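Student: To be precise about what I am sending: the file is called coords26.cif and holds mmCIF, C-alpha atoms and all ligand atoms.
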```
data_structure
#
loop_
_atom_site.label_atom_id
_atom_site.label_comp_id
_atom_site.auth_asym_id
_atom_site.auth_seq_id
_atom_site.Cartn_x
_atom_site.Cartn_y
_atom_site.Cartn_z
CA MET A 1 141.50 165.93 -20.39
CA ILE A 2 137.79 166.45 -20.53
CA PHE A 3 135.78 166.08 -23.71
CA ILE A 4 132.03 166.45 -23.96
CA MET A 5 129.93 164.87 -26.69
CA LEU A 6 126.90 166.97 -27.49
CA GLY A 7 124.26 166.31 -30.14
CA ALA A 8 120.80 164.93 -30.76
CA PRO A 9 120.13 161.20 -30.37
CA GLY A 10 121.55 159.12 -33.19
CA THR A 11 124.16 161.62 -34.37
CA GLY A 12 127.10 159.36 -33.50
CA LYS A 13 128.22 160.64 -30.09
CA GLY A 14 129.00 157.12 -28.91
CA THR A 15 131.04 156.30 -32.01
CA VAL A 16 133.18 159.42 -31.69
CA ALA A 17 133.51 158.93 -27.92
CA SER A 18 134.66 155.34 -28.20
CA ILE A 19 137.37 156.16 -30.77
CA LEU A 20 138.62 159.15 -28.74
CA SER A 21 138.61 157.01 -25.62
CA GLU A 22 140.71 154.32 -27.21
CA LYS A 23 143.21 156.65 -28.89
CA MET A 24 143.61 159.05 -25.98
CA ASN A 25 143.54 156.35 -23.37
CA ILE A 26 140.89 157.89 -21.14
CA PRO A 27 137.53 156.26 -20.33
CA GLN A 28 134.26 156.90 -22.15
CA VAL A 29 131.58 157.80 -19.65
CA SER A 30 128.23 157.21 -21.30
CA THR A 31 125.31 158.02 -19.01
CA GLY A 32 122.99 156.11 -21.38
CA ASP A 33 125.17 152.97 -21.11
CA ILE A 34 125.31 153.27 -17.32
CA PHE A 35 121.53 153.62 -17.11
CA ARG A 36 121.02 150.61 -19.44
CA LYS A 37 123.30 148.51 -17.25
CA HIS A 38 121.23 149.42 -14.20
CA ILE A 39 118.00 148.67 -16.06
CA LYS A 40 119.31 145.26 -17.04
CA GLU A 41 120.35 144.52 -13.47
CA LYS A 42 117.03 145.87 -12.14
CA THR A 43 118.71 148.09 -9.55
CA GLU A 44 116.74 150.82 -7.81
CA LEU A 45 118.37 153.39 -10.12
CA GLY A 46 117.56 151.22 -13.14
CA ILE A 47 113.89 150.94 -12.24
CA LEU A 48 113.67 154.71 -11.83
CA ALA A 49 115.65 155.53 -14.99
CA ASP A 50 113.60 153.13 -17.12
CA LYS A 51 110.42 155.12 -16.42
CA TYR A 52 111.94 158.16 -18.11
CA ILE A 53 114.07 156.51 -20.79
CA SER A 54 111.20 154.42 -22.15
CA LYS A 55 109.19 157.62 -22.66
CA GLY A 56 112.03 159.50 -24.31
CA GLN A 57 112.39 161.84 -21.34
CA LEU A 58 115.49 162.76 -19.38
CA VAL A 59 116.31 161.09 -16.10
CA PRO A 60 116.05 163.83 -13.41
CA ASP A 61 119.09 166.09 -13.07
CA GLU A 62 119.79 165.28 -9.44
CA VAL A 63 120.00 161.54 -10.09
CA THR A 64 122.13 161.97 -13.20
CA VAL A 65 124.50 164.52 -11.67
CA ASN A 66 125.15 162.31 -8.63
CA LEU A 67 125.81 159.35 -10.88
CA VAL A 68 128.38 161.26 -12.94
CA LYS A 69 129.99 162.82 -9.86
CA SER A 70 130.66 159.42 -8.35
CA ARG A 71 131.92 158.07 -11.69
CA LEU A 72 134.42 160.94 -11.87
CA GLU A 73 135.77 159.95 -8.45
CA GLU A 74 136.88 156.54 -9.70
CA PRO A 75 140.63 155.98 -10.15
CA ASP A 76 140.52 155.45 -13.92
CA ALA A 77 138.86 158.85 -14.41
CA GLN A 78 141.65 160.88 -12.81
CA ASN A 79 143.44 161.67 -16.09
CA GLY A 80 140.25 162.69 -17.78
CA VAL A 81 137.15 161.31 -19.47
CA ILE A 82 135.07 161.53 -22.60
CA LEU A 83 131.60 162.49 -21.42
CA ASP A 84 129.16 160.87 -23.83
CA GLY A 85 125.61 162.13 -23.29
CA PHE A 86 126.31 164.33 -20.28
CA PRO A 87 125.51 167.15 -19.67
CA ARG A 88 122.10 167.23 -21.32
CA THR A 89 120.58 170.22 -19.51
CA VAL A 90 121.90 173.65 -18.48
CA LYS A 91 121.52 172.60 -14.85
CA GLN A 92 123.75 169.56 -15.45
CA ALA A 93 126.32 171.74 -17.23
CA GLU A 94 126.40 174.16 -14.31
CA GLU A 95 126.90 171.31 -11.85
CA LEU A 96 129.71 169.93 -14.00
CA GLU A 97 131.40 173.35 -13.99
CA LYS A 98 131.46 173.23 -10.20
CA VAL A 99 132.96 169.74 -10.14
CA LEU A 100 135.66 170.65 -12.67
CA LYS A 101 136.52 173.77 -10.72
CA GLU A 102 136.91 171.77 -7.52
CA LYS A 103 139.16 169.33 -9.33
CA GLN A 104 140.99 172.19 -11.06
CA THR A 105 140.42 170.49 -14.37
CA LYS A 106 139.60 172.38 -17.50
CA LEU A 107 137.25 171.43 -20.25
CA ASP A 108 139.20 170.74 -23.44
CA MET A 109 136.53 170.52 -26.07
CA VAL A 110 132.79 170.21 -26.56
CA ILE A 111 132.08 168.31 -29.74
CA ASN A 112 128.66 169.19 -31.07
CA LEU A 113 127.39 166.76 -33.69
CA VAL A 114 124.72 167.92 -36.12
CA THR A 115 122.71 165.65 -38.43
CA PRO A 116 119.59 166.34 -40.54
CA GLU A 117 116.45 165.10 -38.78
CA ASP A 118 115.41 162.65 -41.50
CA GLU A 119 118.82 161.02 -41.31
CA ILE A 120 118.64 160.87 -37.51
CA ILE A 121 115.41 158.88 -37.66
CA GLU A 122 116.85 156.54 -40.26
CA ARG A 123 120.08 156.11 -38.27
CA ILE A 124 118.22 155.28 -35.06
CA GLU A 125 115.94 152.78 -36.77
CA ASN A 126 118.94 151.04 -38.33
CA ARG A 127 121.00 151.11 -35.13
CA ARG A 128 121.94 147.87 -33.40
CA ILE A 129 124.07 147.65 -30.29
CA CYS A 130 126.11 145.00 -28.58
CA PRO A 131 124.70 144.65 -25.05
CA ASP A 132 128.01 143.22 -23.94
CA CYS A 133 130.86 145.42 -25.22
CA LYS A 134 128.58 148.35 -26.22
CA ALA A 135 129.80 148.48 -29.84
CA VAL A 136 127.35 150.28 -32.12
CA TYR A 137 126.42 149.23 -35.67
CA ASN A 138 124.15 150.49 -38.40
CA VAL A 139 122.60 147.72 -40.50
CA LYS A 140 122.94 149.87 -43.64
CA LEU A 141 125.94 152.16 -43.08
CA SER A 142 128.24 150.08 -40.89
CA PRO A 143 126.93 146.50 -40.62
CA PRO A 144 128.78 143.80 -38.70
CA ILE A 145 130.66 141.21 -40.77
CA HIS A 146 128.20 138.46 -39.74
CA GLU A 147 124.59 139.61 -39.59
CA GLY A 148 123.37 140.16 -36.04
CA ILE A 149 126.71 139.31 -34.41
CA CYS A 150 129.17 141.71 -32.78
CA ASP A 151 132.51 141.88 -34.67
CA LYS A 152 134.38 142.69 -31.49
CA CYS A 153 133.09 140.10 -29.03
CA GLY A 154 130.77 137.71 -30.86
CA HIS A 155 127.71 138.57 -28.77
CA GLU A 156 124.29 138.77 -30.44
CA LEU A 157 123.31 142.34 -31.37
CA ILE A 158 120.08 143.93 -30.17
CA LYS A 159 117.92 146.92 -31.01
CA ARG A 160 117.54 149.31 -28.08
CA LYS A 161 114.03 149.37 -26.63
CA ASP A 162 113.89 153.17 -26.96
CA ASP A 163 114.96 153.05 -30.64
CA ASN A 164 111.40 152.96 -31.95
CA ILE A 165 109.69 155.70 -33.94
CA GLU A 166 107.41 157.03 -31.15
CA THR A 167 110.20 157.27 -28.57
CA ILE A 168 112.57 158.77 -31.14
CA LYS A 169 110.14 161.63 -31.71
CA SER A 170 109.89 162.45 -28.02
CA ARG A 171 113.67 162.09 -27.60
CA LEU A 172 114.18 164.63 -30.38
CA GLN A 173 111.71 167.01 -28.77
CA THR A 174 113.46 166.58 -25.41
CA TYR A 175 116.75 167.32 -27.13
CA PHE A 176 115.51 170.55 -28.74
CA GLU A 177 113.84 171.79 -25.56
CA GLN A 178 116.36 170.82 -22.90
CA THR A 179 119.72 170.01 -24.47
CA SER A 180 120.14 172.32 -27.48
CA PRO A 181 120.49 175.42 -25.22
CA LEU A 182 123.88 173.93 -24.29
CA ILE A 183 125.19 174.81 -27.76
CA ASP A 184 124.94 178.47 -26.83
CA PHE A 185 126.14 177.81 -23.29
CA TYR A 186 129.40 176.26 -24.51
CA ASN A 187 129.79 178.50 -27.52
CA LYS A 188 130.01 181.45 -25.16
CA LYS A 189 132.79 179.70 -23.29
CA GLY A 190 134.72 179.35 -26.53
CA ASN A 191 135.40 175.64 -26.71
CA LEU A 192 132.58 174.40 -28.90
CA ARG A 193 133.44 172.52 -32.06
CA THR A 194 130.49 171.82 -34.33
CA GLU A 195 130.74 168.96 -36.80
CA GLU A 196 128.23 167.80 -39.36
CA VAL A 197 127.57 164.07 -39.56
CA SER A 198 125.70 163.22 -42.73
CA LYS A 199 125.68 160.75 -45.56
CA LYS A 200 125.04 163.71 -47.87
CA ILE A 201 128.60 164.88 -47.29
CA ASN A 202 129.88 161.35 -46.61
CA ARG A 203 131.09 162.34 -43.17
CA PHE A 204 130.57 160.09 -40.17
CA GLY A 205 131.60 159.84 -36.53
CA LYS A 206 134.70 157.88 -37.43
CA ASP A 207 135.99 160.67 -39.73
CA ILE A 208 135.41 163.32 -37.09
CA ALA A 209 137.10 161.31 -34.35
CA GLU A 210 140.13 160.68 -36.57
CA ASP A 211 140.52 164.40 -37.33
CA ILE A 212 140.34 165.32 -33.66
CA VAL A 213 142.82 162.63 -32.64
CA LYS A 214 145.27 163.85 -35.30
CA GLU A 215 145.06 167.41 -34.00
CA PHE A 216 145.43 166.42 -30.37
CA LEU A 217 148.21 163.91 -30.71
CA LYS A 218 150.37 165.85 -33.16
P1 LIG B 301 120.88 158.79 -27.43
O1 LIG B 301 121.91 159.86 -27.49
O2 LIG B 301 120.79 157.97 -28.65
O3 LIG B 301 119.55 159.29 -27.00
P2 LIG B 301 121.89 157.74 -24.84
O4 LIG B 301 122.34 156.33 -24.64
O5 LIG B 301 122.89 158.82 -24.69
O6 LIG B 301 121.26 157.72 -26.29
O7 LIG B 301 120.69 158.03 -23.84
C1 LIG B 301 119.58 157.20 -23.70
C2 LIG B 301 118.59 157.79 -22.70
O8 LIG B 301 119.19 157.83 -21.40
C3 LIG B 301 118.16 159.22 -22.97
O9 LIG B 301 117.08 159.27 -23.90
C4 LIG B 301 117.76 159.70 -21.58
O10 LIG B 301 116.47 159.23 -21.24
C5 LIG B 301 118.75 158.99 -20.69
N1 LIG B 301 119.93 159.86 -20.44
C6 LIG B 301 121.19 159.69 -20.94
N2 LIG B 301 122.01 160.68 -20.54
C7 LIG B 301 121.26 161.50 -19.76
C8 LIG B 301 121.52 162.71 -19.06
N3 LIG B 301 122.72 163.30 -19.08
N4 LIG B 301 120.50 163.27 -18.37
C9 LIG B 301 119.28 162.69 -18.32
N5 LIG B 301 118.96 161.57 -18.97
C10 LIG B 301 119.93 160.97 -19.69
ZN ZN B 302 130.34 143.18 -28.53
#
```
Could you spell out this file's structure in structure tokens?
Tutor:
Amino acid sequence: MIFIMLGAPGTGKGTVASILSEKMNIPQVSTGDIFRKHIKEKTELGILADKYISKGQLVPDEVTVNLVKSRLEEPDAQNGVILDGFPRTVKQAEELEKVLKEKQTKLDMVINLVTPEDEIIERIENRRICPDCKAVYNVKLSPPIHEGICDKCGHELIKRKDDNIETIKSRLQTYFEQTSPLIDFYNKKGNLRTEEVSKKINRFGKDIAEDIVKEFLK
């Protein structure tokens, strides 16, 4: 099973991916999380990735594609994965097509999350993450039980370094220029599912994930 999470920063891709991963028992592959781990450990890849991530730009395709290719070779990925934040360019999507063809695996669904821009900015500013178990919180919409502490593992929560207003603006621009063409790319293939995430309609990542799980596991 292959699922792709598509959508601008802060729309809830990680939330949907982590619920689908748990319920469908296949790993969540978040390129952002993998890059952050490398940055923390100051690996060569981390040092390179940080230069782009801190400016709100994409890590070059070649680097990202190789990273995902080797992740897909790991034993736990053989029954499928939830790709969270990959592909993010048409080039990456084309490379993924090749890999899936080689593996004779088909793409099940591309979940495209759409959120109004003002809400995106608010969501990113209120976002806190657990650097340990990667759980994601929103201090207004989905706060942890104890302020600043992860419900799941007790670790102290942090704000991501790139979750500041200047970087958010360039991340959004990057999304519109380089990632949004994928909506059309996957729509043409016929497996795009667009979902609105917005407080205006009281619909969040959790609701969307639950609907998809129900449909798939029925
Ligand atoms: P968000 O969706 O909130 O932007 P992510 O954790 O998915 O957060 O990504 C954080 C950053 O990591 C991105 O802004 C980008 O710089 C880098 N990144 C993640 N995935 C990719 C990718 N597929 N290609 C290139 N860069 C990526
Ligand atoms: Zn945690």
Student: At a cut-off of 9 Å around ligand ZN 302 (chain B), and using all atoms listed in the file, what residues come up? Please write them as a list of chain:residue names.
Tutor: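 The neighbouring residues of ligand ZN 302 (chain B) are, in order, A:Ile129, A:Cys130, A:Pro131, A:Asp132, A:Cys133, A:Lys134, A:Ala135, A:Val136, A:Ile149, A:Cys150, A:Asp151, A:Lys152, A:Cys153, A:Gly154, A:His155, A:Glu156, A:Leu157.
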Student: Let me have all residues with an atom within 8 Å of ligand LIG 301 (chain B), counting all atoms listed in the file, laid out as number ranges by chain.
Tutor: A: 7-14, 30-33, 35-36, 49-50, 52-61, 64-65, 84-89, 92, 124, 162-163, 171
Student: Nearest to Ser18 (chain A) among A:Glu147, A:Glu215, A:Glu210, A:Glu62, with distances taken over all atoms listed in the file: which residue is it?
Tutor: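 Smallest separation from Ser18 (chain A) among the options: A:Glu210.
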Student: Using only C-alpha atoms, what does the table of region 92-177 of chain A residues within 10 Å of region 189-201 of chain A look like, with each row giving the shortest atom pair and its distance in Å to one decimal, sorted by chain and ascending number, as JSON lines?
Tutor:
```
{"residue": "A:Leu107", "atom": "CA", "partner": "A:Asn191", "partner_atom": "CA", "distance": 7.9}
{"residue": "A:Asp108", "atom": "CA", "partner": "A:Asn191", "partner_atom": "CA", "distance": 7.0}
{"residue": "A:Met109", "atom": "CA", "partner": "A:Asn191", "partner_atom": "CA", "distance": 5.3}
{"residue": "A:Val110", "atom": "CA", "partner": "A:Leu192", "partner_atom": "CA", "distance": 4.8}
{"residue": "A:Ile111", "atom": "CA", "partner": "A:Arg193", "partner_atom": "CA", "distance": 5.0}
{"residue": "A:Asn112", "atom": "CA", "partner": "A:Thr194", "partner_atom": "CA", "distance": 4.6}
{"residue": "A:Leu113", "atom": "CA", "partner": "A:Glu195", "partner_atom": "CA", "distance": 5.1}
{"residue": "A:Val114", "atom": "CA", "partner": "A:Glu196", "partner_atom": "CA", "distance": 4.8}
{"residue": "A:Thr115", "atom": "CA", "partner": "A:Val197", "partner_atom": "CA", "distance": 5.2}
{"residue": "A:Pro116", "atom": "CA", "partner": "A:Ser198", "partner_atom": "CA", "distance": 7.2}
{"residue": "A:Glu119", "atom": "CA", "partner": "A:Ser198", "partner_atom": "CA", "distance": 7.4}
{"residue": "A:Ile120", "atom": "CA", "partner": "A:Ser198", "partner_atom": "CA", "distance": 9.1}
{"residue": "A:Leu141", "atom": "CA", "partner": "A:Lys199", "partner_atom": "CA", "distance": 8.9}
```
Student: Would you compute the distance between CA of Val139 (chain A) and CA of Lys206 (chain A)? Give it in Å to one decimal.
Tutor: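 CA of Lys206 (chain A) lies at a distance of 16.1 Å from CA of Val139 (chain A).
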Student: I'd like to know which of A:Asn25, A:Asn202, A:Thr179, A:Asn187 is closest to Leu6 (chain A), using only C-alpha atoms.
Tutor: A:Thr179
Student: May I ask for the distance between CA of Thr105 (chain A) and CA of Met1 (chain A), given in Å to one decimal place?
Tutor: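 Between CA of Thr105 (chain A) and CA of Met1 (chain A) the gap is 7.6 Å.
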Student: Quick one: distance from CA of Gln28 (chain A) to CA of Ser70 (chain A) in Å, one decimal?
Tutor: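 Computed distance, CA of Gln28 (chain A) to CA of Ser70 (chain A), equals 14.5 Å.
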Student: Measuring atom to atom with all atoms listed in the file, identify which of A:Asp118, A:Glu125, A:Glu102, A:Glu95 is nearest to Glu166 (chain A).
Tutor: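 Of all the options, A:Glu125 lies closest to Glu166 (chain A).
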Student: Please determine, counting only C-alpha atoms, which residue among A:Ile183, A:Val99, A:Ile168, A:Ala209 has the shortest atom-to-atom distance to Glu122 (chain A).
Tutor: A:Ile168
Student: For Ala93 (chain A), which residue out of A:Asn79, A:Asp211, A:Ser180, A:Gly205 is the nearest one, using only C-alpha atoms?
Tutor: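 Using only C-alpha atoms, the shortest distance to Ala93 (chain A) belongs to A:Ser180.
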Student: Counting all atoms listed in the file, which residue out of A:Lys69, A:Lys161, A:His146, A:Lys218 sits closest to Lys40 (chain A)?
Tutor: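 Using all atoms listed in the file, the shortest distance to Lys40 (chain A) belongs to A:Lys161.
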Student: Extract, using only C-alpha atoms, all DNA, RNA and protein residues at most 9 Å from Val213 (chain A), discarding same-chain residues fewer than 5 positions from it, and format them as a list of chain:residue names.
Tutor: A:Ile19, A:Leu20, A:Lys23, A:Met24, A:Ile208, A:Lys218
Student: Report as a list in words all protein, DNA and RNA residues lying within 6 Å of Arg128 (chain A), evaluated on all atoms listed in the file, omitting residues in the same chain fewer than 2 positions from it.
Tutor: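 Selected residues are Tyr137, Ile158 and Lys159 of chain A.
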Student: Would you kindly place N, CA and C atoms on region 118-139 of chain A and return the model as a PDB file, keeping the file's coordinate frame?
Tutor:
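Generated output (selection_27.pdb):
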```
ATOM      1  N   ASP A 118     115.842 163.864 -40.808  1.00  0.00           N
ATOM      2  CA  ASP A 118     115.410 162.650 -41.500  1.00  0.00           C
ATOM      3  C   ASP A 118     116.487 161.562 -41.403  1.00  0.00           C
ATOM      4  N   GLU A 119     117.730 161.996 -41.440  1.00  0.00           N
ATOM      5  CA  GLU A 119     118.820 161.020 -41.310  1.00  0.00           C
ATOM      6  C   GLU A 119     118.906 160.467 -39.890  1.00  0.00           C
ATOM      7  N   ILE A 120     118.605 161.322 -38.908  1.00  0.00           N
ATOM      8  CA  ILE A 120     118.640 160.870 -37.510  1.00  0.00           C
ATOM      9  C   ILE A 120     117.651 159.714 -37.323  1.00  0.00           C
ATOM     10  N   ILE A 121     116.441 159.904 -37.830  1.00  0.00           N
ATOM     11  CA  ILE A 121     115.410 158.880 -37.660  1.00  0.00           C
ATOM     12  C   ILE A 121     115.836 157.578 -38.337  1.00  0.00           C
ATOM     13  N   GLU A 122     116.376 157.722 -39.537  1.00  0.00           N
ATOM     14  CA  GLU A 122     116.850 156.540 -40.260  1.00  0.00           C
ATOM     15  C   GLU A 122     118.013 155.861 -39.502  1.00  0.00           C
ATOM     16  N   ARG A 123     118.921 156.666 -38.990  1.00  0.00           N
ATOM     17  CA  ARG A 123     120.080 156.110 -38.270  1.00  0.00           C
ATOM     18  C   ARG A 123     119.635 155.350 -37.025  1.00  0.00           C
ATOM     19  N   ILE A 124     118.660 155.935 -36.294  1.00  0.00           N
ATOM     20  CA  ILE A 124     118.220 155.280 -35.060  1.00  0.00           C
ATOM     21  C   ILE A 124     117.477 153.982 -35.377  1.00  0.00           C
ATOM     22  N   GLU A 125     116.673 154.006 -36.425  1.00  0.00           N
ATOM     23  CA  GLU A 125     115.940 152.780 -36.770  1.00  0.00           C
ATOM     24  C   GLU A 125     116.879 151.666 -37.227  1.00  0.00           C
ATOM     25  N   ASN A 126     117.987 152.049 -37.841  1.00  0.00           N
ATOM     26  CA  ASN A 126     118.940 151.040 -38.330  1.00  0.00           C
ATOM     27  C   ASN A 126     120.028 150.706 -37.311  1.00  0.00           C
ATOM     28  N   ARG A 127     119.958 151.325 -36.141  1.00  0.00           N
ATOM     29  CA  ARG A 127     121.000 151.110 -35.130  1.00  0.00           C
ATOM     30  C   ARG A 127     120.829 149.771 -34.409  1.00  0.00           C
ATOM     31  N   ARG A 128     121.929 149.088 -34.220  1.00  0.00           N
ATOM     32  CA  ARG A 128     121.940 147.870 -33.400  1.00  0.00           C
ATOM     33  C   ARG A 128     123.117 148.027 -32.454  1.00  0.00           C
ATOM     34  N   ILE A 129     122.959 147.537 -31.231  1.00  0.00           N
ATOM     35  CA  ILE A 129     124.070 147.650 -30.290  1.00  0.00           C
ATOM     36  C   ILE A 129     124.438 146.278 -29.722  1.00  0.00           C
ATOM     37  N   CYS A 130     125.671 146.208 -29.262  1.00  0.00           N
ATOM     38  CA  CYS A 130     126.110 145.000 -28.580  1.00  0.00           C
ATOM     39  C   CYS A 130     125.866 145.223 -27.088  1.00  0.00           C
ATOM     40  N   PRO A 131     124.992 144.427 -26.471  1.00  0.00           N
ATOM     41  CA  PRO A 131     124.700 144.650 -25.050  1.00  0.00           C
ATOM     42  C   PRO A 131     125.894 144.306 -24.167  1.00  0.00           C
ATOM     43  N   ASP A 132     126.865 143.628 -24.741  1.00  0.00           N
ATOM     44  CA  ASP A 132     128.010 143.220 -23.940  1.00  0.00           C
ATOM     45  C   ASP A 132     129.135 144.254 -23.968  1.00  0.00           C
ATOM     46  N   CYS A 133     129.716 144.494 -25.162  1.00  0.00           N
ATOM     47  CA  CYS A 133     130.860 145.420 -25.220  1.00  0.00           C
ATOM     48  C   CYS A 133     130.444 146.826 -25.656  1.00  0.00           C
ATOM     49  N   LYS A 134     129.135 147.021 -25.909  1.00  0.00           N
ATOM     50  CA  LYS A 134     128.580 148.350 -26.220  1.00  0.00           C
ATOM     51  C   LYS A 134     128.930 148.875 -27.623  1.00  0.00           C
ATOM     52  N   ALA A 135     129.502 148.037 -28.472  1.00  0.00           N
ATOM     53  CA  ALA A 135     129.800 148.480 -29.840  1.00  0.00           C
ATOM     54  C   ALA A 135     128.474 148.838 -30.538  1.00  0.00           C
ATOM     55  N   VAL A 136     128.548 149.808 -31.440  1.00  0.00           N
ATOM     56  CA  VAL A 136     127.350 150.280 -32.120  1.00  0.00           C
ATOM     57  C   VAL A 136     127.482 150.020 -33.620  1.00  0.00           C
ATOM     58  N   TYR A 137     126.432 149.512 -34.227  1.00  0.00           N
ATOM     59  CA  TYR A 137     126.420 149.230 -35.670  1.00  0.00           C
ATOM     60  C   TYR A 137     125.220 149.898 -36.311  1.00  0.00           C
ATOM     61  N   ASN A 138     125.297 150.019 -37.637  1.00  0.00           N
ATOM     62  CA  ASN A 138     124.150 150.490 -38.400  1.00  0.00           C
ATOM     63  C   ASN A 138     123.959 149.454 -39.510  1.00  0.00           C
ATOM     64  N   VAL A 139     122.781 148.844 -39.564  1.00  0.00           N
ATOM     65  CA  VAL A 139     122.600 147.720 -40.500  1.00  0.00           C
ATOM     66  C   VAL A 139     122.823 148.119 -41.958  1.00  0.00           C
TER      67      VAL A 139
END
```
